[in-house]
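The structure file my_file.cif is reproduced below (mmCIF, C-alpha atoms).
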```cif
data_input
loop_
_atom_site.label_atom_id
_atom_site.label_comp_id
_atom_site.auth_asym_id
_atom_site.auth_seq_id
_atom_site.Cartn_x
_atom_site.Cartn_y
_atom_site.Cartn_z
CA MET A 1 144.92 101.68 87.73
CA LYS A 2 143.54 99.27 85.16
CA SER A 3 141.18 97.76 87.67
CA THR A 4 140.01 101.21 88.74
CA VAL A 5 139.18 102.07 85.14
CA LEU A 6 137.45 98.73 84.71
CA PHE A 7 135.53 99.35 87.90
CA LEU A 8 134.46 102.80 86.72
CA VAL A 9 133.37 101.39 83.37
CA CYS A 10 131.30 98.78 85.19
CA VAL A 11 129.70 101.40 87.41
CA ALA A 12 128.96 103.53 84.36
CA LEU A 13 127.44 100.56 82.54
CA LEU A 14 125.31 99.72 85.54
CA ALA A 15 124.17 103.31 85.84
CA PHE A 16 123.17 103.58 82.20
CA SER A 17 121.69 100.15 81.55
CA PRO A 18 118.00 100.09 82.43
CA ALA A 19 117.02 97.72 85.22
CA LYS A 20 116.36 94.28 83.80
CA ASN A 21 112.73 93.52 84.35
CA GLY A 22 111.53 90.36 82.70
CA TYR A 23 112.22 88.82 79.33
CA GLU A 24 113.35 90.55 76.19
CA VAL A 25 112.69 89.31 72.67
CA GLY A 26 115.16 86.49 71.94
CA ASP A 27 115.41 85.36 75.56
CA THR A 28 114.81 81.77 76.59
CA ALA A 29 111.66 81.49 78.68
CA ALA A 30 111.30 79.15 81.63
CA ASP A 31 108.33 76.81 81.83
CA PHE A 32 105.98 77.13 84.81
CA LYS A 33 103.41 75.13 86.70
CA LEU A 34 100.37 77.17 87.66
CA LYS A 35 96.84 76.46 88.83
CA ASN A 36 94.18 76.73 86.18
CA VAL A 37 90.60 77.88 86.83
CA ASP A 38 89.53 74.20 86.60
CA GLY A 39 91.76 73.43 89.60
CA LYS A 40 94.35 71.48 87.57
CA MET A 41 98.00 72.46 87.29
CA VAL A 42 99.16 73.58 83.83
CA SER A 43 102.68 73.66 82.34
CA LEU A 44 103.72 74.54 78.81
CA SER A 45 105.35 71.09 78.60
CA ASP A 46 101.81 69.61 78.76
CA PHE A 47 101.24 70.84 75.21
CA SER A 48 103.40 68.32 73.41
CA SER A 49 102.19 69.13 69.90
CA ALA A 50 102.34 72.91 70.27
CA LYS A 51 104.72 74.88 68.03
CA GLY A 52 104.57 77.80 70.39
CA PHE A 53 102.31 79.79 72.67
CA ILE A 54 100.43 83.04 72.85
CA ILE A 55 100.82 83.97 76.51
CA ALA A 56 98.30 86.61 77.56
CA PHE A 57 98.86 88.41 80.86
CA ASP A 58 95.29 89.42 81.42
CA CYS A 59 92.89 89.99 84.28
CA ASN A 60 89.26 90.24 85.37
CA THR A 61 88.84 93.94 86.06
CA CYS A 62 91.00 96.09 83.75
CA PRO A 63 88.87 98.03 81.22
CA VAL A 64 91.55 97.57 78.55
CA SER A 65 91.45 93.81 79.17
CA LYS A 66 87.67 93.92 78.85
CA ALA A 67 87.97 95.78 75.55
CA TYR A 68 90.30 93.05 74.29
CA ASN A 69 88.53 90.02 75.77
CA GLU A 70 86.84 88.86 72.57
CA ARG A 71 90.01 89.49 70.58
CA ILE A 72 92.00 87.26 72.96
CA GLN A 73 89.40 84.51 72.61
CA ALA A 74 89.54 84.94 68.83
CA LEU A 75 93.33 84.50 68.88
CA ASN A 76 92.90 81.10 70.53
CA GLU A 77 90.11 80.19 68.10
CA LYS A 78 92.35 81.00 65.15
CA TYR A 79 95.74 79.76 66.32
CA ALA A 80 95.27 76.88 68.79
CA SER A 81 94.60 74.48 65.93
CA LYS A 82 97.67 75.82 64.12
CA GLY A 83 99.88 75.00 67.09
CA PHE A 84 99.86 78.33 68.97
CA PRO A 85 97.29 78.09 71.78
CA VAL A 86 96.50 81.00 74.08
CA ILE A 87 97.57 80.58 77.70
CA ALA A 88 96.20 83.38 79.91
CA ILE A 89 97.88 84.23 83.21
CA ASN A 90 96.51 86.74 85.70
CA PRO A 91 99.52 88.86 86.76
CA ASN A 92 97.77 90.80 89.53
CA SER A 93 97.95 90.09 93.22
CA PRO A 94 94.45 89.73 94.68
CA GLU A 95 95.89 91.29 97.83
CA LEU A 96 96.37 94.53 95.91
CA SER A 97 93.37 94.39 93.65
CA SER A 98 90.07 93.05 94.86
CA GLY A 99 88.35 91.31 92.01
CA GLU A 100 91.47 89.39 90.96
CA SER A 101 91.05 86.46 93.35
CA PHE A 102 91.18 82.86 92.13
CA ASP A 103 87.43 82.51 92.75
CA ALA A 104 86.75 85.64 90.71
CA MET A 105 88.94 84.23 87.91
CA VAL A 106 86.95 80.97 87.94
CA LYS A 107 83.69 82.91 87.63
CA TYR A 108 85.07 85.19 84.92
CA ALA A 109 86.40 82.33 82.79
CA LYS A 110 83.08 80.51 83.11
CA LYS A 111 81.07 83.59 82.19
CA LYS A 112 83.26 84.26 79.15
CA GLY A 113 83.40 80.59 78.15
CA TYR A 114 87.20 80.43 77.99
CA LYS A 115 88.46 77.53 75.89
CA PHE A 116 92.04 78.09 77.07
CA PRO A 117 93.75 77.97 80.47
CA TYR A 118 93.44 81.00 82.73
CA LEU A 119 96.18 80.60 85.32
CA TYR A 120 96.61 81.93 88.81
CA ASP A 121 100.19 82.86 89.77
CA GLU A 122 99.93 83.01 93.54
CA SER A 123 103.66 83.61 94.18
CA GLN A 124 103.91 85.92 91.12
CA ALA A 125 107.23 84.20 90.29
CA THR A 126 106.19 83.58 86.68
CA VAL A 127 104.92 87.13 86.36
CA ARG A 128 108.26 88.44 87.62
CA ALA A 129 110.17 86.17 85.21
CA PHE A 130 108.20 87.37 82.18
CA GLY A 131 107.84 90.99 83.33
CA PRO A 132 104.52 92.15 81.90
CA THR A 133 103.92 95.81 82.80
CA ASN A 134 100.26 96.22 81.96
CA THR A 135 97.17 94.23 81.08
CA PRO A 136 96.68 92.87 78.55
CA HIS A 137 100.35 92.19 77.76
CA MET A 138 101.19 89.48 75.22
CA PHE A 139 104.25 87.24 74.91
CA VAL A 140 104.51 84.99 71.85
CA LEU A 141 106.84 82.05 72.42
CA THR A 142 108.24 79.50 70.01
CA LYS A 143 108.83 75.94 71.13
CA ASN A 144 111.62 73.75 69.88
CA GLY A 145 111.69 70.52 71.87
CA SER A 146 111.70 71.84 75.42
CA ASP A 147 113.34 75.11 74.39
CA LEU A 148 111.04 78.12 74.67
CA LYS A 149 112.10 81.38 73.01
CA VAL A 150 110.43 84.78 73.26
CA ALA A 151 109.53 85.99 69.75
CA TYR A 152 107.16 88.88 70.45
CA ILE A 153 106.30 91.11 73.42
CA GLY A 154 103.59 93.74 73.50
CA ALA A 155 100.12 94.72 72.43
CA ILE A 156 97.51 92.64 70.60
CA ASP A 157 96.98 95.34 67.99
CA ASP A 158 97.14 99.11 67.57
CA ASN A 159 93.60 100.09 68.60
CA SER A 160 92.18 99.25 72.03
CA ARG A 161 88.86 100.97 71.70
CA ASP A 162 87.63 99.57 68.40
CA ALA A 163 88.55 96.23 66.82
CA ASP A 164 87.15 97.46 63.51
CA GLU A 165 89.59 100.40 63.43
CA VAL A 166 92.70 98.25 63.86
CA ARG A 167 95.38 98.79 61.22
CA THR A 168 98.08 96.42 62.50
CA LYS A 169 97.38 93.14 64.28
CA TYR A 170 100.74 92.74 66.01
CA VAL A 171 100.18 89.31 67.58
CA GLU A 172 98.58 87.81 64.49
CA ASP A 173 101.36 89.18 62.29
CA ALA A 174 103.96 87.70 64.66
CA VAL A 175 102.36 84.24 64.79
CA ASP A 176 101.73 84.21 61.03
CA ALA A 177 105.40 85.03 60.44
CA LEU A 178 106.53 82.27 62.81
CA LEU A 179 104.20 79.74 61.17
CA ALA A 180 105.70 80.71 57.79
CA GLY A 181 109.21 80.30 59.21
CA LYS A 182 109.93 84.02 58.90
CA ALA A 183 111.29 86.60 61.32
CA VAL A 184 108.78 88.68 63.27
CA ALA A 185 108.79 92.13 61.65
CA THR A 186 107.64 94.08 64.73
CA PRO A 187 108.82 92.07 67.74
CA LYS A 188 108.04 94.65 70.43
CA THR A 189 105.19 97.13 70.84
CA LYS A 190 103.51 99.22 73.52
CA ALA A 191 99.92 100.00 74.48
CA VAL A 192 98.15 101.93 77.20
CA GLY A 193 96.97 99.54 79.89
CA CYS A 194 96.36 98.91 83.56
CA GLY A 195 99.57 98.68 85.55
CA VAL A 196 100.31 95.17 86.85
CA LYS A 197 99.77 94.90 90.60
CA LEU A 198 102.86 93.20 92.02
CA LYS A 199 103.33 92.43 95.68
CA SER A 200 106.57 93.93 96.97
CA ALA A 201 109.27 91.27 96.72
CA MET B 1 73.46 141.36 77.26
CA LYS B 2 72.42 138.89 79.90
CA THR B 3 73.46 135.99 77.69
CA LEU B 4 76.80 137.67 77.02
CA VAL B 5 77.47 138.00 80.75
CA ALA B 6 76.40 134.40 81.22
CA ALA B 7 78.72 133.32 78.42
CA VAL B 8 81.65 135.25 79.89
CA LEU B 9 80.98 133.82 83.34
CA LEU B 10 80.77 130.35 81.86
CA LEU B 11 84.06 130.88 80.07
CA MET B 12 85.74 132.07 83.26
CA ALA B 13 84.35 129.15 85.22
CA GLY B 14 85.47 126.87 82.43
CA THR B 15 89.07 127.93 82.62
CA ALA B 16 89.07 127.80 86.41
CA ALA B 17 87.84 124.30 87.05
CA GLY B 18 85.92 121.47 85.53
CA GLN B 19 87.40 121.97 82.10
CA ALA B 20 89.72 119.67 80.23
CA LYS B 21 91.31 120.56 76.92
CA ILE B 22 91.69 117.97 74.20
CA VAL B 23 95.23 118.06 72.81
CA LYS B 24 97.43 116.35 70.27
CA LEU B 25 100.84 114.95 71.15
CA GLN B 26 102.70 118.00 69.78
CA GLU B 27 100.96 120.35 72.22
CA LEU B 28 101.67 118.02 75.14
CA LYS B 29 105.31 117.74 74.10
CA LYS B 30 105.57 121.52 73.93
CA LEU B 31 104.29 121.74 77.50
CA MET B 32 106.83 119.15 78.60
CA GLU B 33 109.82 120.43 76.67
CA SER B 34 109.53 124.23 76.61
CA ARG B 35 111.89 126.01 79.00
CA GLY B 36 110.64 128.06 81.94
CA GLU B 37 111.12 128.65 85.63
CA ASN B 38 108.89 126.05 87.28
CA ILE B 39 108.82 122.35 88.04
CA ARG B 40 106.32 120.56 85.83
CA VAL B 41 104.62 117.43 87.11
CA VAL B 42 102.87 115.56 84.33
CA ASN B 43 100.66 112.66 85.38
CA PHE B 44 99.12 110.15 82.98
CA TRP B 45 95.80 108.79 84.19
CA ALA B 46 92.33 107.67 83.18
CA THR B 47 88.94 107.82 84.87
CA TRP B 48 88.78 104.00 84.70
CA CYS B 49 92.15 103.53 86.44
CA GLY B 50 91.68 102.82 90.16
CA PRO B 51 95.24 103.59 91.35
CA CYS B 52 95.20 106.80 89.27
CA VAL B 53 92.04 108.07 90.92
CA LYS B 54 93.45 107.11 94.31
CA GLU B 55 96.64 109.13 93.87
CA LEU B 56 94.95 112.22 92.38
CA PRO B 57 94.54 114.09 95.70
CA LEU B 58 98.35 114.05 96.13
CA PHE B 59 98.74 115.87 92.80
CA GLU B 60 95.98 118.32 93.67
CA LYS B 61 97.58 119.05 97.02
CA LEU B 62 100.98 119.59 95.40
CA ASN B 63 99.46 121.90 92.80
CA ALA B 64 97.71 123.96 95.46
CA GLU B 65 100.59 124.18 97.92
CA ARG B 66 103.69 124.64 95.78
CA LYS B 67 103.87 127.86 93.80
CA ASP B 68 106.97 126.59 91.98
CA VAL B 69 105.18 123.46 90.75
CA ALA B 70 102.66 123.20 87.91
CA VAL B 71 100.69 119.96 87.75
CA THR B 72 99.19 118.71 84.50
CA LEU B 73 96.92 115.69 84.55
CA VAL B 74 96.87 114.02 81.13
CA SER B 75 93.80 111.83 80.68
CA MET B 76 94.29 108.80 78.44
CA ASP B 77 90.56 108.03 78.40
CA LEU B 78 90.17 108.54 74.64
CA ASP B 79 92.31 105.44 74.13
CA LEU B 80 89.24 103.38 75.14
CA ASP B 81 86.31 105.75 74.70
CA PRO B 82 86.08 108.38 71.94
CA ASN B 83 83.63 110.45 74.02
CA PRO B 84 85.41 112.81 76.48
CA ALA B 85 82.19 113.42 78.48
CA LYS B 86 83.28 111.04 81.23
CA VAL B 87 86.46 113.05 81.80
CA HIS B 88 84.65 116.41 81.88
CA LYS B 89 82.14 115.00 84.35
CA PHE B 90 84.88 113.54 86.53
CA VAL B 91 86.89 116.78 86.57
CA ALA B 92 83.79 118.80 87.50
CA LYS B 93 82.61 116.36 90.16
CA LYS B 94 86.02 116.15 91.83
CA LYS B 95 86.51 119.92 91.40
CA ILE B 96 89.98 119.34 90.02
CA ALA B 97 92.02 122.55 90.04
CA SER B 98 95.16 121.24 88.30
CA ASN B 99 95.47 121.66 84.56
CA VAL B 100 93.71 118.73 82.85
CA LEU B 101 94.43 117.69 79.28
CA ILE B 102 92.88 114.86 77.28
CA LEU B 103 95.29 113.27 74.84
CA ASP B 104 93.77 112.60 71.44
CA GLU B 105 96.14 110.39 69.47
CA ASN B 106 96.19 107.14 67.54
CA ASP B 107 98.91 104.52 67.47
CA PRO B 108 100.01 104.17 71.11
CA ASN B 109 103.03 102.14 70.00
CA VAL B 110 104.39 105.36 68.51
CA TYR B 111 103.21 108.06 70.90
CA ILE B 112 104.10 106.27 74.17
CA ASP B 113 107.79 106.30 73.24
CA GLN B 114 107.54 109.92 72.13
CA ILE B 115 106.25 110.87 75.56
CA ASP B 116 108.93 108.85 77.36
CA LYS B 117 110.96 105.87 76.19
CA GLN B 118 110.88 104.47 79.74
CA TRP B 119 107.08 104.35 79.75
CA SER B 120 105.57 100.92 79.07
CA GLY B 121 102.11 102.40 78.62
CA ALA B 122 100.90 101.25 82.04
CA LEU B 123 98.81 103.65 84.10
CA PRO B 124 99.45 105.55 86.27
CA ALA B 125 102.72 107.12 85.17
CA THR B 126 104.31 110.40 86.19
CA ILE B 127 107.05 112.59 84.73
CA VAL B 128 108.65 115.37 86.76
CA ILE B 129 110.49 118.03 84.75
CA ASN B 130 112.69 120.91 85.85
CA SER B 131 111.77 123.36 83.07
CA LYS B 132 114.83 125.49 83.81
CA THR B 133 117.36 122.72 83.14
CA GLY B 134 115.31 120.19 81.22
CA LYS B 135 116.16 117.51 83.76
CA ARG B 136 113.39 114.94 84.15
CA VAL B 137 112.53 111.79 86.05
CA PHE B 138 109.98 109.16 85.16
CA ALA B 139 108.00 106.91 87.50
CA GLU B 140 105.56 104.18 86.57
CA LYS B 141 103.69 103.45 89.77
CA GLU B 142 100.99 104.70 92.09
CA MET B 143 102.27 107.62 94.14
CA HIS B 144 102.04 107.63 97.91
CA GLU B 145 102.49 110.42 100.45
CA GLY B 146 105.92 112.02 99.99
CA ASP B 147 106.79 110.28 96.68
CA LEU B 148 106.17 113.34 94.51
CA GLU B 149 108.35 115.52 96.71
CA LYS B 150 111.16 112.97 96.36
CA LEU B 151 110.85 113.04 92.56
CA ILE B 152 110.92 116.83 92.60
CA ASP B 153 114.12 116.73 94.71
CA GLN B 154 115.70 114.49 92.06
CA VAL B 155 115.38 117.13 89.33
CA GLN B 156 116.53 120.06 91.45
#
```

Could you quickly redo this structure as structure tokens?
Amino acid sequence: MKSTVLFLVCVALLAFSPAKNGYEVGDTAADFKLKNVDGKMVSLSDFSSAKGFIIAFDCNTCPVSKAYNERIQALNEKYASKGFPVIAINPNSPELSSGESFDAMVKYAKKKGYKFPYLYDESQATVRAFGPTNTPHMFVLTKNGSDLKVAYIGAIDDNSRDADEVRTKYVEDAVDALLAGKAVATPKTKAVGCGVKLKSA
Amino acid sequence: MKTLVAAVLLLMAGTAAGQAKIVKLQELKKLMESRGENIRVVNFWATWCGPCVKELPLFEKLNAERKDVAVTLVSMDLDLDPNPAKVHKFVAKKKIASNVLILDENDPNVYIDQIDKQWSGALPATIVINSKTGKRVFAEKEMHEGDLEKLIDQVQ
């Protein structure tokens, strides 16, 4: 009897808990090793003096990504020297979205003059681990030794169409709080974006 | 007189096809939550979204063929471009017959959850609602042949 009840409770829990897709705030993140647009492999452990990372799941073709491109570059400009560099990862499969190939990424990064890595996740294993849903989707991580913790997931700010109309800069607020040793006030946000193109597993 | 006739004709044409109404969240929520007799299929899209444009004919077909289903296509274009002209042009060019709305809201972090907590904000996304019972299902992916019918079965 007891085990039946327990079983039913488990079934109920399974039925009501949303499917776990990617990291939540507070989770430990796994490092990765992905090919950068310069052909070299990049891991977070390469950045020995970093205090954390601003991971940007971003791509070549999404209009929302394009609207945010300068703002992503500005984040790196402002925070790399403070210990939170931007690491961009393209989450889309080029098989599902022409224009997201490695070669196209190389061209795009060159054209935009990226001063941060722009990584190609061929197997999409890192994308699946993090679980971005749309581009651009930001994950702010803190680094303590080799321990990486997710501190913020979501949008860059609250206005895609006009940087001058932004009221809340979510990523900046999160990184500023972390640099000041404070808790992130708004650790999770949403924005309209292009759905991530995942190959079927 | 002639201009009046022209105006009336224009109005009629406007309500039939090629028109898209700009709405606030409250009006959209009313459409989604008010009780009725039909199945409501609400699709979130944008003219710039490739997979959205690709799946549109499936929604149009459903809207034309099923008398018990009302399709509403909610354009999220204003999120990136304050000018709705692109949407009007698109709707006219594609001769879209389904009801088209253009959502005019600020602060996506607030309104996305108010539309559906399961929605990440990624496009395309679709909500199917049984207006008789209030039962609804949410899907955040590009629809393929037969997918919409399966979602409708889930709320019946």

Inset, instruction - Pull out every residue of chain B that has at least one atom within 8 Å of chain A, counting all atoms listed in the file, and report them as a PyMOL selection string. - result: chain B and resi 48-49+76+79-82+106-110+112+120-124+141

Inset, instruction - Using all atoms listed in the file, pick whichever of B:Asn43, B:Asn38, B:Ser75, B:Gln154 has the shortest atom-to-atom distance to Glu140 (chain B). - result: B:Asn43

Inset, instruction - Could you give me, as an MDAnalysis selection string, the residues that have an atom at most 10 Å away from the point (86.4, 118.1, 82.2) in the coordinates of the file, using only C-alpha atoms? - result: chainID B and resid 14 17:22 75 84:96 100:102

Inset, instruction - Have a look at CA of Ala151 (chain A) and CA of Val175 (chain A) and let me know their distance in Å, one decimal. - result: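 Taking CA of Ala151 (chain A) and CA of Val175 (chain A), their separation equals 8.9 Å.
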
Inset, instruction - Go through A:Tyr68, A:Phe84, A:Phe139, A:Tyr120 one by one, measure the shortest atom-to-atom distance of each to Ile55 (chain A) using all atoms listed in the file, and give the residue with the smallest value. - result: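 For Ile55 (chain A), the nearest of the given residues is A:Phe139.
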
Legend entry - For CA of Asn21 (chain A) and CA of Asp173 (chain A), the interatomic separation in Å (one decimal):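 Separation of CA of Asn21 (chain A) and CA of Asp173 (chain A): 25.2 Å.
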
Legend entry - Length of the CA of Trp119 (chain B) to CA of Leu62 (chain B) vector [Å]: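 Interatomic distance here is 22.7 Å.
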
Legend entry - Given the PyMOL selection byres ((chain A and resi 186) around 8), the residues it picks as a PyMOL selection string: chain A and resi 152+170+174+184-185+187-189

Legend entry - Reference answer for the PyMOL selection byres ((chain B and resi 131) around 10), as a PyMOL selection string: chain B and resi 31-40+128-130+132-136+155

Legend entry - Counting all atoms listed in the file, the residue of B:Ala70, B:Ile127, B:Leu78, B:Leu148 that sits nearest Glu105 (chain B): B:Leu78

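Of the residues listed (B:Val74, B:Val42, B:Ala97, B:Ile115), B:Val42 shows the shortest atom-to-atom separation from Leu151 (chain B); distances use all atoms listed in the file.
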
Inset, instruction - Evaluate the PyMOL selection byres ((chain B and resi 25) around 8) on the structure here and hand back the selected residues as a list in words. - result: Val23, Lys24, Gln26, Glu27, Leu28, Lys29, Leu103, Asp104, Glu105 and Tyr111 of chain B

Region 127-152 of chain A rebuilt with N, CA and C atoms, output as an mmCIF file, in the coordinates of the input:
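File produced: rebuild10.cif:
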```cif
data_model
loop_
_atom_site.group_PDB
_atom_site.id
_atom_site.type_symbol
_atom_site.label_atom_id
_atom_site.label_comp_id
_atom_site.auth_asym_id
_atom_site.auth_seq_id
_atom_site.Cartn_x
_atom_site.Cartn_y
_atom_site.Cartn_z
ATOM 1 N N VAL A 127 105.149 85.757 86.789
ATOM 2 C CA VAL A 127 104.920 87.130 86.360
ATOM 3 C C VAL A 127 106.236 87.926 86.416
ATOM 4 N N ARG A 128 106.982 87.735 87.497
ATOM 5 C CA ARG A 128 108.260 88.440 87.620
ATOM 6 C C ARG A 128 109.264 87.988 86.557
ATOM 7 N N ALA A 129 109.239 86.693 86.228
ATOM 8 C CA ALA A 129 110.170 86.170 85.210
ATOM 9 C C ALA A 129 109.862 86.775 83.840
ATOM 10 N N PHE A 130 108.581 86.828 83.489
ATOM 11 C CA PHE A 130 108.200 87.370 82.180
ATOM 12 C C PHE A 130 108.289 88.905 82.177
ATOM 13 N N GLY A 131 107.756 89.524 83.220
ATOM 14 C CA GLY A 131 107.840 90.990 83.330
ATOM 15 C C GLY A 131 106.795 91.777 82.570
ATOM 16 N N PRO A 132 105.544 91.298 82.528
ATOM 17 C CA PRO A 132 104.520 92.150 81.900
ATOM 18 C C PRO A 132 104.335 93.412 82.740
ATOM 19 N N THR A 133 104.065 94.543 82.082
ATOM 20 C CA THR A 133 103.920 95.810 82.800
ATOM 21 C C THR A 133 102.460 96.221 82.926
ATOM 22 N N ASN A 134 101.649 95.776 81.984
ATOM 23 C CA ASN A 134 100.260 96.220 81.960
ATOM 24 C C ASN A 134 99.377 95.110 81.400
ATOM 25 N N THR A 135 98.091 95.211 81.658
ATOM 26 C CA THR A 135 97.170 94.230 81.080
ATOM 27 C C THR A 135 96.325 94.898 79.995
ATOM 28 N N PRO A 136 96.069 94.155 78.883
ATOM 29 C CA PRO A 136 96.680 92.870 78.550
ATOM 30 C C PRO A 136 98.068 93.045 77.943
ATOM 31 N N HIS A 137 98.989 92.137 78.293
ATOM 32 C CA HIS A 137 100.350 92.190 77.760
ATOM 33 C C HIS A 137 100.666 90.801 77.195
ATOM 34 N N MET A 138 101.045 90.755 75.928
ATOM 35 C CA MET A 138 101.190 89.480 75.220
ATOM 36 C C MET A 138 102.656 89.095 75.022
ATOM 37 N N PHE A 139 102.922 87.794 75.191
ATOM 38 C CA PHE A 139 104.250 87.240 74.910
ATOM 39 C C PHE A 139 104.049 86.051 73.972
ATOM 40 N N VAL A 140 104.580 86.132 72.772
ATOM 41 C CA VAL A 140 104.510 84.990 71.850
ATOM 42 C C VAL A 140 105.811 84.208 71.984
ATOM 43 N N LEU A 141 105.669 82.907 72.269
ATOM 44 C CA LEU A 141 106.840 82.050 72.420
ATOM 45 C C LEU A 141 106.881 81.022 71.309
ATOM 46 N N THR A 142 108.101 80.651 70.911
ATOM 47 C CA THR A 142 108.240 79.500 70.010
ATOM 48 C C THR A 142 108.761 78.338 70.836
ATOM 49 N N LYS A 143 108.419 77.127 70.387
ATOM 50 C CA LYS A 143 108.830 75.940 71.130
ATOM 51 C C LYS A 143 109.605 75.029 70.194
ATOM 52 N N ASN A 144 110.787 74.668 70.657
ATOM 53 C CA ASN A 144 111.620 73.750 69.880
ATOM 54 C C ASN A 144 112.101 72.678 70.852
ATOM 55 N N GLY A 145 111.442 71.519 70.833
ATOM 56 C CA GLY A 145 111.690 70.520 71.870
ATOM 57 C C GLY A 145 111.201 71.096 73.183
ATOM 58 N N SER A 146 112.107 71.215 74.155
ATOM 59 C CA SER A 146 111.700 71.840 75.420
ATOM 60 C C SER A 146 112.180 73.284 75.496
ATOM 61 N N ASP A 147 112.797 73.754 74.413
ATOM 62 C CA ASP A 147 113.340 75.110 74.390
ATOM 63 C C ASP A 147 112.267 76.126 74.013
ATOM 64 N N LEU A 148 112.036 77.080 74.906
ATOM 65 C CA LEU A 148 111.040 78.120 74.670
ATOM 66 C C LEU A 148 111.747 79.453 74.449
ATOM 67 N N LYS A 149 111.449 80.100 73.309
ATOM 68 C CA LYS A 149 112.100 81.380 73.010
ATOM 69 C C LYS A 149 111.051 82.475 72.845
ATOM 70 N N VAL A 150 111.355 83.660 73.365
ATOM 71 C CA VAL A 150 110.430 84.780 73.260
ATOM 72 C C VAL A 150 110.582 85.421 71.878
ATOM 73 N N ALA A 151 109.469 85.460 71.115
ATOM 74 C CA ALA A 151 109.530 85.990 69.750
ATOM 75 C C ALA A 151 108.818 87.331 69.603
ATOM 76 N N TYR A 152 107.907 87.610 70.528
ATOM 77 C CA TYR A 152 107.160 88.880 70.450
ATOM 78 C C TYR A 152 106.707 89.274 71.847
#
```
